[in-house]
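Report on one structure; see the data block that follows.
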Amino acid sequence: MFALVDVNNFYASCEQLWEPKLRNRPVVVLSNNDGCVVARSKEAKALGIPMGAPWFKLREPAKQHRIIALSSNYELYASMSSRVVDVLRDFTPELEVYSIDESFLSLEGMSGISQGDLVAYGQQIRQRIAQWVGLPVCVGIGPTKTLAKFANHLAKKNAFFQGVCDISVLSQSERDRWMESNEVGEVWGVGRRISKRLGTMGINTVLDLKRADPEHIRRAFNVVLQKTVEELNGTSCLPLELMAPAKQQIMSSRSFGQPVYDLDELEEAVATYISRAAEKLRAQQSVAGAVTVAIMTNRFKEHAPQYHRSLVVALPEPTADSRVLAAYAIRALKHIYRPGFEYKKAAVMLSELQPAGQRQAGLWDDEADEVCRERSRKLMGVLDEVNARFGRGAVQLGALGTKPVWTMKRGRVSPRYTTRWEDVPKVAAH
C-alpha cells in the first residue's frame, strides 16, 4: 500500500501561513521576473484565475477582486517542504520525496494498522502536519503509486472524502464510477500530448485507460504507459525510490531581470549559473565531462533582432571544480557572444556526468596531478561547507561580480521567515 501526501496550493499556502492578512484572500505566486502565475490559493482558483496566465493581463481583475500577487520565494518554500518531510518520516521509514510538495509513503506492513484504519491514519497525517507545520495536505492511498496519485486527486477535488481517499476500500463499481468521471489527463504521467493521442483511440477517461490492452498501449506508445495501465489495474510496477537517483545532466538558467548587452555582464551571469550547477554536482558526488553554454534574445519581441546560440565544450578531464568549470564556460561564452543584441536569458548545462570516485586515470598522470586534484577537492569541500553554514554566496568566485544588474526581478517577494535571521517574525509584548 502507498500513500501520496500533497500540500494543497503549496506556494500560496506557505505565503498565507506566514502572513495572516493573506488568509481567505485570493493570492497568486508569480514565476521568475514576476511573469506568469505559477501558484494560486483556493480563493484565486474560485475566481477563475488560470495557471500560467501573464500577470500584466490580470491587473484589471486583480484590482476588481483585490488579488494579491507575490514573487516566488524559493528559499521559504524549500524550508517549508523540509519541515513537511521531517513530519512524514515519523510515520514511515520508507519515504520517497517526489517533488517539493509531494511525497510517497509506503504503508505496507505498518504495525497495528489494519486495512480499514488507513483512512484514519491518513487523517492523522493531515492533522499532524496542520498542527506542527501549519500547511493543509491531502492524502491519497492505493495499492500502487499511480492509484495513490489518483486517489489524492479525488481527495483534493471532492469534499466527500474530507481530504483522505483510500481507493482500495471503494467497491469496484464505485472505483469505476470515479474513474469514468475523470478525464484521462488526470492520470499520473499522462500529459496533454499523450491525452490527445489516446483520444484518437477512443480512450478519453481514466476508466477507458484502465480497460485498455496493456500490450496494445506498449506498441502504440511505450513501456512506461503500459506500466501505467497495469498500475491502474492494481499491479504495482513502480517501487519507491528511497534514494534520489543521481542526475545525468544538471542545468541552471534564468531569464534576466532586465536586458543585457555587454559581455562582462553575461560573463557574471554564466559564472553564477555554473557555480550553482557545480554545487549540485558536488552534492551528488559526481564530476562533469562537458559544459554547454547558451545565450538567447527575447523571442517574444518579434520586431527586435533575434540571436540564439549554444556551444558544447568537452573538458580535458571530468571535474567538479567551480573554477575550472567557470573558466571553460566563460571561454565558450566569448566564442558565441555577438554584440548588438538584447540578451534575455543565459543557460549552462553540465553533462557526461560520472561518480567522482570512478575517474579513469590518464596515460600521463603522475603524482603531482593527483596532488592538484586532492587540493581541488578539499578547496571545493571548504567552499560548500562555508556556504552551507553562512548562506549561499558567503564565499564565491570573483567572476560572479558584486552588484549584478541582470538578476531576476522579485519585487513582490515576501520575507524569508525561516532562513534569514533578519526575517524571523517578531512578536511584540503589549
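Each chain in the C-alpha cells gets a letter, A, B, ..., in the order shown, and its residues are numbered from 1; ligands are numbered from 1 in order too.
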
Please give the complete set of residues from stretch 187-243 of chain A that DSSP, run on the backbone, assigns to helix (DSSP H, G or I), formatted as a compact mmCIF listing (two decimals) with N, CA and C atoms, in the first residue's frame.
```txt
# COMPACT_ATOMS: atom_id res chain seq x y z
N ARG A 192 -0.66 16.41 -21.89
CA ARG A 192 -1.61 16.89 -22.90
C ARG A 192 -1.42 16.18 -24.24
N ARG A 193 -0.18 16.00 -24.64
CA ARG A 193 0.07 15.39 -25.95
C ARG A 193 -0.39 13.93 -25.97
N ILE A 194 -0.06 13.19 -24.90
CA ILE A 194 -0.49 11.79 -24.84
C ILE A 194 -2.01 11.70 -24.76
N SER A 195 -2.63 12.63 -24.02
CA SER A 195 -4.10 12.63 -23.91
C SER A 195 -4.75 12.76 -25.28
N LYS A 196 -4.20 13.63 -26.13
CA LYS A 196 -4.77 13.82 -27.46
C LYS A 196 -4.65 12.54 -28.28
N ARG A 197 -3.48 11.91 -28.20
CA ARG A 197 -3.30 10.66 -28.96
C ARG A 197 -4.22 9.56 -28.44
N LEU A 198 -4.38 9.49 -27.13
CA LEU A 198 -5.29 8.50 -26.57
C LEU A 198 -6.72 8.78 -27.00
N GLY A 199 -7.07 10.06 -27.09
CA GLY A 199 -8.41 10.44 -27.51
C GLY A 199 -8.74 9.93 -28.91
N THR A 200 -7.76 9.94 -29.80
CA THR A 200 -7.98 9.43 -31.16
C THR A 200 -8.22 7.92 -31.16
N VAL A 206 -10.22 8.02 -17.36
CA VAL A 206 -9.32 7.15 -16.61
C VAL A 206 -9.77 5.70 -16.73
N LEU A 207 -11.08 5.47 -16.70
CA LEU A 207 -11.60 4.12 -16.82
C LEU A 207 -11.28 3.52 -18.18
N ASP A 208 -11.35 4.33 -19.24
CA ASP A 208 -11.00 3.85 -20.58
C ASP A 208 -9.56 3.35 -20.61
N LEU A 209 -8.65 4.11 -19.98
CA LEU A 209 -7.25 3.71 -19.98
C LEU A 209 -7.05 2.45 -19.15
N LYS A 210 -7.75 2.36 -18.04
CA LYS A 210 -7.64 1.16 -17.20
C LYS A 210 -8.05 -0.09 -17.98
N PRO A 214 -2.88 -3.62 -22.29
CA PRO A 214 -1.53 -3.13 -21.99
C PRO A 214 -0.55 -3.32 -23.15
N GLU A 215 -0.63 -4.47 -23.83
CA GLU A 215 0.29 -4.72 -24.95
C GLU A 215 0.04 -3.77 -26.11
N HIS A 216 -1.22 -3.49 -26.36
CA HIS A 216 -1.55 -2.53 -27.42
C HIS A 216 -1.03 -1.14 -27.07
N ILE A 217 -1.15 -0.77 -25.80
CA ILE A 217 -0.65 0.54 -25.35
C ILE A 217 0.87 0.59 -25.49
N ARG A 218 1.55 -0.50 -25.16
CA ARG A 218 3.01 -0.51 -25.28
C ARG A 218 3.44 -0.33 -26.74
N ARG A 219 2.75 -1.03 -27.65
CA ARG A 219 3.11 -0.91 -29.06
C ARG A 219 2.82 0.49 -29.60
N ALA A 220 1.73 1.09 -29.13
CA ALA A 220 1.33 2.41 -29.64
C ALA A 220 2.14 3.54 -28.98
N VAL A 223 6.70 1.44 -22.98
CA VAL A 223 6.53 0.55 -21.83
C VAL A 223 6.11 1.32 -20.58
N VAL A 224 6.43 2.61 -20.52
CA VAL A 224 6.05 3.41 -19.36
C VAL A 224 4.54 3.51 -19.25
N LEU A 225 3.87 3.82 -20.37
CA LEU A 225 2.40 3.92 -20.34
C LEU A 225 1.77 2.54 -20.13
N GLN A 226 2.43 1.48 -20.62
CA GLN A 226 1.94 0.13 -20.35
C GLN A 226 1.93 -0.13 -18.84
N LYS A 227 2.99 0.27 -18.15
CA LYS A 227 3.04 0.09 -16.70
C LYS A 227 1.96 0.92 -16.01
N THR A 228 1.65 2.08 -16.57
CA THR A 228 0.57 2.91 -16.01
C THR A 228 -0.75 2.17 -16.06
N VAL A 229 -1.04 1.52 -17.19
CA VAL A 229 -2.27 0.74 -17.32
C VAL A 229 -2.29 -0.39 -16.29
N GLU A 230 -1.18 -1.08 -16.13
CA GLU A 230 -1.11 -2.17 -15.16
C GLU A 230 -1.29 -1.66 -13.74
N GLU A 231 -0.73 -0.49 -13.46
CA GLU A 231 -0.88 0.09 -12.12
C GLU A 231 -2.33 0.49 -11.86
N LEU A 232 -3.02 1.00 -12.87
CA LEU A 232 -4.43 1.34 -12.70
C LEU A 232 -5.27 0.10 -12.40
```

| request: Name the residues in contact with A:Val293 at a cut-off of 12 Å, using only C-alpha atoms, excluding same-chain residues fewer than 2 positions from it; report them as a PyMOL selection string. | output: chain A and resi 251-253+266-267+269-271+273-274+290-291+295-296+308-314+325-337+345-351

| task | Tell me which protein, DNA and RNA residues are within 6 Å of A:Ala53, counting only C-alpha atoms, leaving out same-chain ones fewer than 2 positions away, and put them as a list in words. | result |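 Residues meeting the cut-off are Cys36, Val37, Pro50 and Met51 of chain A.
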
Could you turn the residues from that selection into a file that holds N, CA, C and O atoms, as a PDB file, in the first residue's frame?
```pdb
ATOM      1  N   CYS A  36       4.501  35.095 -14.912  1.00  0.00           N
ATOM      2  CA  CYS A  36       3.239  34.368 -15.040  1.00  0.00           C
ATOM      3  C   CYS A  36       2.835  33.743 -13.711  1.00  0.00           C
ATOM      4  O   CYS A  36       3.659  33.554 -12.822  1.00  0.00           O
ATOM      5  N   VAL A  37       1.569  33.401 -13.620  1.00  0.00           N
ATOM      6  CA  VAL A  37       1.037  32.766 -12.419  1.00  0.00           C
ATOM      7  C   VAL A  37       1.488  31.310 -12.376  1.00  0.00           C
ATOM      8  O   VAL A  37       1.226  30.538 -13.306  1.00  0.00           O
ATOM      9  N   PRO A  50      -6.416  31.544 -14.290  1.00  0.00           N
ATOM     10  CA  PRO A  50      -5.798  30.348 -14.885  1.00  0.00           C
ATOM     11  C   PRO A  50      -4.313  30.237 -14.542  1.00  0.00           C
ATOM     12  O   PRO A  50      -3.620  31.247 -14.366  1.00  0.00           O
ATOM     13  N   MET A  51      -3.841  29.010 -14.449  1.00  0.00           N
ATOM     14  CA  MET A  51      -2.422  28.763 -14.256  1.00  0.00           C
ATOM     15  C   MET A  51      -1.653  29.184 -15.511  1.00  0.00           C
ATOM     16  O   MET A  51      -2.100  28.937 -16.632  1.00  0.00           O
TER      17      MET A  51
END
```

Can you pull out every residue within 12 Å of A:Ser82, counting only C-alpha atoms, but drop anything in the same chain fewer than 2 positions away, and send it as a short mmCIF file (atom, residue, chain, number, x, y, z; two decimals) with all heavy atoms, in the first residue's frame?
```
data_model
loop_
_atom_site.label_atom_id
_atom_site.label_comp_id
_atom_site.auth_asym_id
_atom_site.auth_seq_id
_atom_site.Cartn_x
_atom_site.Cartn_y
_atom_site.Cartn_z
N GLU A 75 13.43 30.16 -1.26
CA GLU A 75 14.07 29.79 0.00
C GLU A 75 13.02 29.37 1.03
O GLU A 75 13.19 28.37 1.74
CB GLU A 75 14.90 30.95 0.54
CG GLU A 75 16.05 31.39 -0.36
CD GLU A 75 15.66 32.43 -1.40
OE1 GLU A 75 14.45 32.62 -1.63
OE2 GLU A 75 16.57 33.06 -1.97
N LEU A 76 11.94 30.13 1.12
CA LEU A 76 10.87 29.81 2.06
C LEU A 76 10.22 28.48 1.71
O LEU A 76 10.00 27.63 2.58
CB LEU A 76 9.83 30.92 2.07
CG LEU A 76 8.58 30.67 2.92
CD1 LEU A 76 8.94 30.58 4.40
CD2 LEU A 76 7.53 31.76 2.70
N TYR A 77 9.93 28.26 0.43
CA TYR A 77 9.24 27.04 0.03
C TYR A 77 10.09 25.80 0.29
O TYR A 77 9.57 24.77 0.74
CB TYR A 77 8.86 27.11 -1.46
CG TYR A 77 8.11 28.37 -1.85
CD1 TYR A 77 8.24 28.91 -3.13
CD2 TYR A 77 7.29 29.04 -0.94
CE1 TYR A 77 7.56 30.06 -3.49
CE2 TYR A 77 6.61 30.19 -1.30
CZ TYR A 77 6.76 30.71 -2.58
OH TYR A 77 6.10 31.86 -2.93
N ALA A 78 11.39 25.90 0.02
CA ALA A 78 12.27 24.75 0.27
C ALA A 78 12.32 24.43 1.76
O ALA A 78 12.31 23.26 2.16
CB ALA A 78 13.67 25.04 -0.26
N SER A 79 12.37 25.46 2.59
CA SER A 79 12.41 25.26 4.04
C SER A 79 11.13 24.61 4.54
O SER A 79 11.15 23.67 5.34
CB SER A 79 12.63 26.60 4.74
OG SER A 79 12.51 26.47 6.14
N MET A 80 9.98 25.08 4.06
CA MET A 80 8.70 24.51 4.49
C MET A 80 8.54 23.08 3.99
O MET A 80 7.98 22.22 4.68
CB MET A 80 7.55 25.39 4.01
CG MET A 80 7.55 26.81 4.57
SD MET A 80 7.57 26.85 6.38
CE MET A 80 6.03 26.05 6.76
N VAL A 84 7.78 19.59 6.26
CA VAL A 84 6.73 18.60 6.00
C VAL A 84 7.34 17.20 5.92
O VAL A 84 6.83 16.24 6.52
CB VAL A 84 5.97 18.93 4.69
CG1 VAL A 84 5.02 17.79 4.32
CG2 VAL A 84 5.19 20.24 4.85
N VAL A 85 8.46 17.06 5.22
CA VAL A 85 9.11 15.76 5.07
C VAL A 85 9.57 15.24 6.44
O VAL A 85 9.45 14.04 6.73
CB VAL A 85 10.29 15.85 4.09
CG1 VAL A 85 11.10 14.56 4.10
CG2 VAL A 85 9.78 16.13 2.67
N ASP A 86 10.08 16.12 7.29
CA ASP A 86 10.51 15.69 8.63
C ASP A 86 9.35 15.09 9.42
O ASP A 86 9.52 14.11 10.14
CB ASP A 86 11.10 16.88 9.39
CG ASP A 86 12.47 17.28 8.88
OD1 ASP A 86 13.10 16.46 8.18
OD2 ASP A 86 12.92 18.40 9.17
N VAL A 87 8.17 15.68 9.28
CA VAL A 87 6.99 15.14 9.96
C VAL A 87 6.62 13.78 9.38
O VAL A 87 6.31 12.83 10.11
CB VAL A 87 5.80 16.12 9.87
CG1 VAL A 87 4.54 15.48 10.45
CG2 VAL A 87 6.12 17.41 10.61
N LEU A 88 6.66 13.67 8.05
CA LEU A 88 6.26 12.42 7.41
C LEU A 88 7.18 11.27 7.78
O LEU A 88 6.75 10.11 7.84
CB LEU A 88 6.24 12.60 5.88
CG LEU A 88 5.16 13.53 5.33
CD1 LEU A 88 5.30 13.67 3.82
CD2 LEU A 88 3.77 13.03 5.68
N ARG A 89 8.44 11.56 8.03
CA ARG A 89 9.38 10.49 8.39
C ARG A 89 9.02 9.85 9.74
O ARG A 89 9.47 8.75 10.04
CB ARG A 89 10.80 11.02 8.41
CG ARG A 89 11.33 11.40 7.04
CD ARG A 89 12.83 11.59 7.03
NE ARG A 89 13.29 12.16 5.77
CZ ARG A 89 13.46 11.48 4.64
NH1 ARG A 89 13.19 10.17 4.62
NH2 ARG A 89 13.88 12.07 3.54
N VAL A 97 10.61 11.37 -1.57
CA VAL A 97 10.28 12.78 -1.81
C VAL A 97 10.19 12.96 -3.31
O VAL A 97 11.20 13.04 -4.01
CB VAL A 97 11.34 13.72 -1.20
CG1 VAL A 97 10.96 15.17 -1.45
CG2 VAL A 97 11.48 13.45 0.30
N SER A 99 8.49 15.47 -5.11
CA SER A 99 8.67 16.85 -5.55
C SER A 99 8.66 17.74 -4.31
O SER A 99 8.58 17.24 -3.19
CB SER A 99 7.56 17.27 -6.52
OG SER A 99 6.31 17.32 -5.86
N ILE A 100 8.74 19.04 -4.52
CA ILE A 100 8.83 19.95 -3.38
C ILE A 100 7.58 19.89 -2.51
O ILE A 100 7.64 20.18 -1.31
CB ILE A 100 9.09 21.40 -3.86
CG1 ILE A 100 9.51 22.29 -2.69
CG2 ILE A 100 7.85 21.97 -4.57
CD1 ILE A 100 10.00 23.65 -3.11
N ASP A 101 6.44 19.47 -3.07
CA ASP A 101 5.20 19.44 -2.28
C ASP A 101 4.53 18.07 -2.24
O ASP A 101 3.41 17.93 -1.74
CB ASP A 101 4.21 20.49 -2.81
CG ASP A 101 3.81 20.24 -4.25
OD1 ASP A 101 4.49 19.46 -4.94
OD2 ASP A 101 2.81 20.83 -4.71
N GLU A 102 5.20 17.03 -2.75
CA GLU A 102 4.61 15.70 -2.78
C GLU A 102 5.59 14.64 -2.29
O GLU A 102 6.77 14.69 -2.64
CB GLU A 102 4.19 15.32 -4.21
CG GLU A 102 3.08 16.16 -4.81
CD GLU A 102 2.80 15.77 -6.23
OE1 GLU A 102 3.63 16.09 -7.10
OE2 GLU A 102 1.79 15.10 -6.49
N SER A 103 5.07 13.69 -1.51
CA SER A 103 5.89 12.57 -1.05
C SER A 103 5.06 11.29 -1.07
O SER A 103 3.88 11.30 -0.70
CB SER A 103 6.41 12.81 0.37
OG SER A 103 7.35 13.87 0.40
N ILE A 129 0.54 17.43 10.35
CA ILE A 129 1.19 18.45 9.52
C ILE A 129 0.53 19.81 9.74
O ILE A 129 1.20 20.84 9.83
CB ILE A 129 1.16 18.05 8.04
CG1 ILE A 129 2.04 16.82 7.82
CG2 ILE A 129 1.63 19.20 7.15
CD1 ILE A 129 1.98 16.26 6.42
N VAL A 133 3.27 22.06 11.31
CA VAL A 133 3.84 22.88 10.24
C VAL A 133 2.90 24.02 9.84
O VAL A 133 3.35 25.10 9.49
CB VAL A 133 4.19 22.02 9.00
CG1 VAL A 133 4.89 22.86 7.93
CG2 VAL A 133 5.09 20.85 9.40
N THR A 418 12.03 31.73 7.52
CA THR A 418 12.64 30.57 8.18
C THR A 418 14.12 30.39 7.86
O THR A 418 14.74 29.47 8.39
CB THR A 418 11.90 29.29 7.77
OG1 THR A 418 12.00 29.13 6.36
CG2 THR A 418 10.44 29.34 8.18
N THR A 419 14.69 31.24 7.01
CA THR A 419 16.07 31.02 6.59
C THR A 419 16.97 32.24 6.78
O THR A 419 18.17 32.14 6.52
CB THR A 419 16.13 30.59 5.11
OG1 THR A 419 15.52 31.60 4.29
CG2 THR A 419 15.41 29.27 4.89
#
```

| field | Nearest to A:Ile49, chosen from A:Leu379, A:Met408, A:Ile67, A:Val7, with only C-alpha atoms counted in the distances | value |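 Selected residue with least distance to A:Ile49: A:Ile67.
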
| query | Can you tell me how far atom CA of A:Ala356 sits from atom CA of A:Leu281, in Å to one decimal? | reply |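 So the two atoms, atom CA of A:Ala356 and atom CA of A:Leu281, lie 9.5 Å apart.
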
| field | Of the listed residues A:Ala3, A:Ala120, A:Val27, A:Ala320, that which approaches A:Glu374 most closely, counting only C-alpha atoms | value |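 Smallest distance to A:Glu374 is found for A:Ala320.
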
| request: Write down as number ranges by chain the residues of stretch 162-379 of chain A whose backbone DSSP state falls under strand (DSSP E). | output: A: 164-166, 250-260, 286-297, 308-319, 343-351, 354-355

Go ahead and dump the residues you just picked, C-alpha atoms, as a short mmCIF file (atom, residue, chain, number, x, y, z; two decimals), in the first residue's frame.
```
data_model
loop_
_atom_site.label_atom_id
_atom_site.label_comp_id
_atom_site.auth_asym_id
_atom_site.auth_seq_id
_atom_site.Cartn_x
_atom_site.Cartn_y
_atom_site.Cartn_z
CA VAL A 164 -8.23 11.48 2.57
CA CYS A 165 -9.18 8.91 -0.08
CA ASP A 166 -8.28 5.23 0.18
CA ILE A 250 22.48 19.40 -14.41
CA MET A 251 21.13 22.65 -15.85
CA SER A 252 21.00 26.16 -14.43
CA SER A 253 19.27 29.00 -16.25
CA ARG A 254 17.31 32.15 -15.56
CA SER A 255 15.79 34.97 -17.54
CA PHE A 256 17.41 38.30 -16.77
CA GLY A 257 15.61 40.96 -14.78
CA GLN A 258 16.49 43.48 -17.49
CA PRO A 259 18.03 43.19 -20.97
CA VAL A 260 21.78 42.54 -21.06
CA SER A 286 29.71 13.49 -9.39
CA VAL A 287 32.06 15.10 -11.88
CA ALA A 288 31.23 16.52 -15.31
CA GLY A 289 32.98 15.82 -18.59
CA ALA A 290 31.33 18.55 -20.68
CA VAL A 291 29.88 22.04 -20.33
CA THR A 292 27.18 23.60 -22.53
CA VAL A 293 26.58 27.36 -22.62
CA ALA A 294 23.63 29.03 -24.36
CA ILE A 295 22.54 32.66 -24.75
CA MET A 296 19.38 33.97 -26.36
CA THR A 297 17.37 37.10 -27.06
CA HIS A 308 20.23 32.18 -30.18
CA ARG A 309 23.45 30.21 -29.95
CA SER A 310 24.88 27.42 -27.82
CA LEU A 311 28.21 25.63 -27.61
CA VAL A 312 29.31 22.34 -26.02
CA VAL A 313 32.85 22.16 -24.64
CA ALA A 314 34.46 18.81 -23.79
CA LEU A 315 36.69 19.09 -20.73
CA PRO A 316 40.24 17.67 -20.69
CA GLU A 317 39.20 15.55 -17.71
CA PRO A 318 35.99 15.30 -15.66
CA THR A 319 35.85 17.74 -12.75
CA TYR A 343 20.04 39.24 -24.48
CA LYS A 344 17.19 37.96 -22.31
CA LYS A 345 18.45 34.63 -20.98
CA ALA A 346 21.54 32.50 -20.45
CA ALA A 347 21.80 28.82 -19.57
CA VAL A 348 24.52 26.36 -18.66
CA MET A 349 24.41 22.58 -18.54
CA LEU A 350 26.83 20.03 -17.10
CA SER A 351 26.76 16.69 -18.90
CA GLN A 354 30.05 10.17 -13.65
CA PRO A 355 30.73 9.29 -10.00
#
```

| task | Select, from A:Ala277, A:Met380, A:Leu135, A:Leu105, the residue with the minimum atom-to-atom distance to A:Tyr121, counting only C-alpha atoms. | result | A:Leu105

| task | Considering only C-alpha atoms, state which residue in the set A:Ala39, A:Glu186, A:Leu170, A:Leu240 is at the smallest distance from A:Pro93. | result |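 The closest residue to A:Pro93 is A:Leu240.
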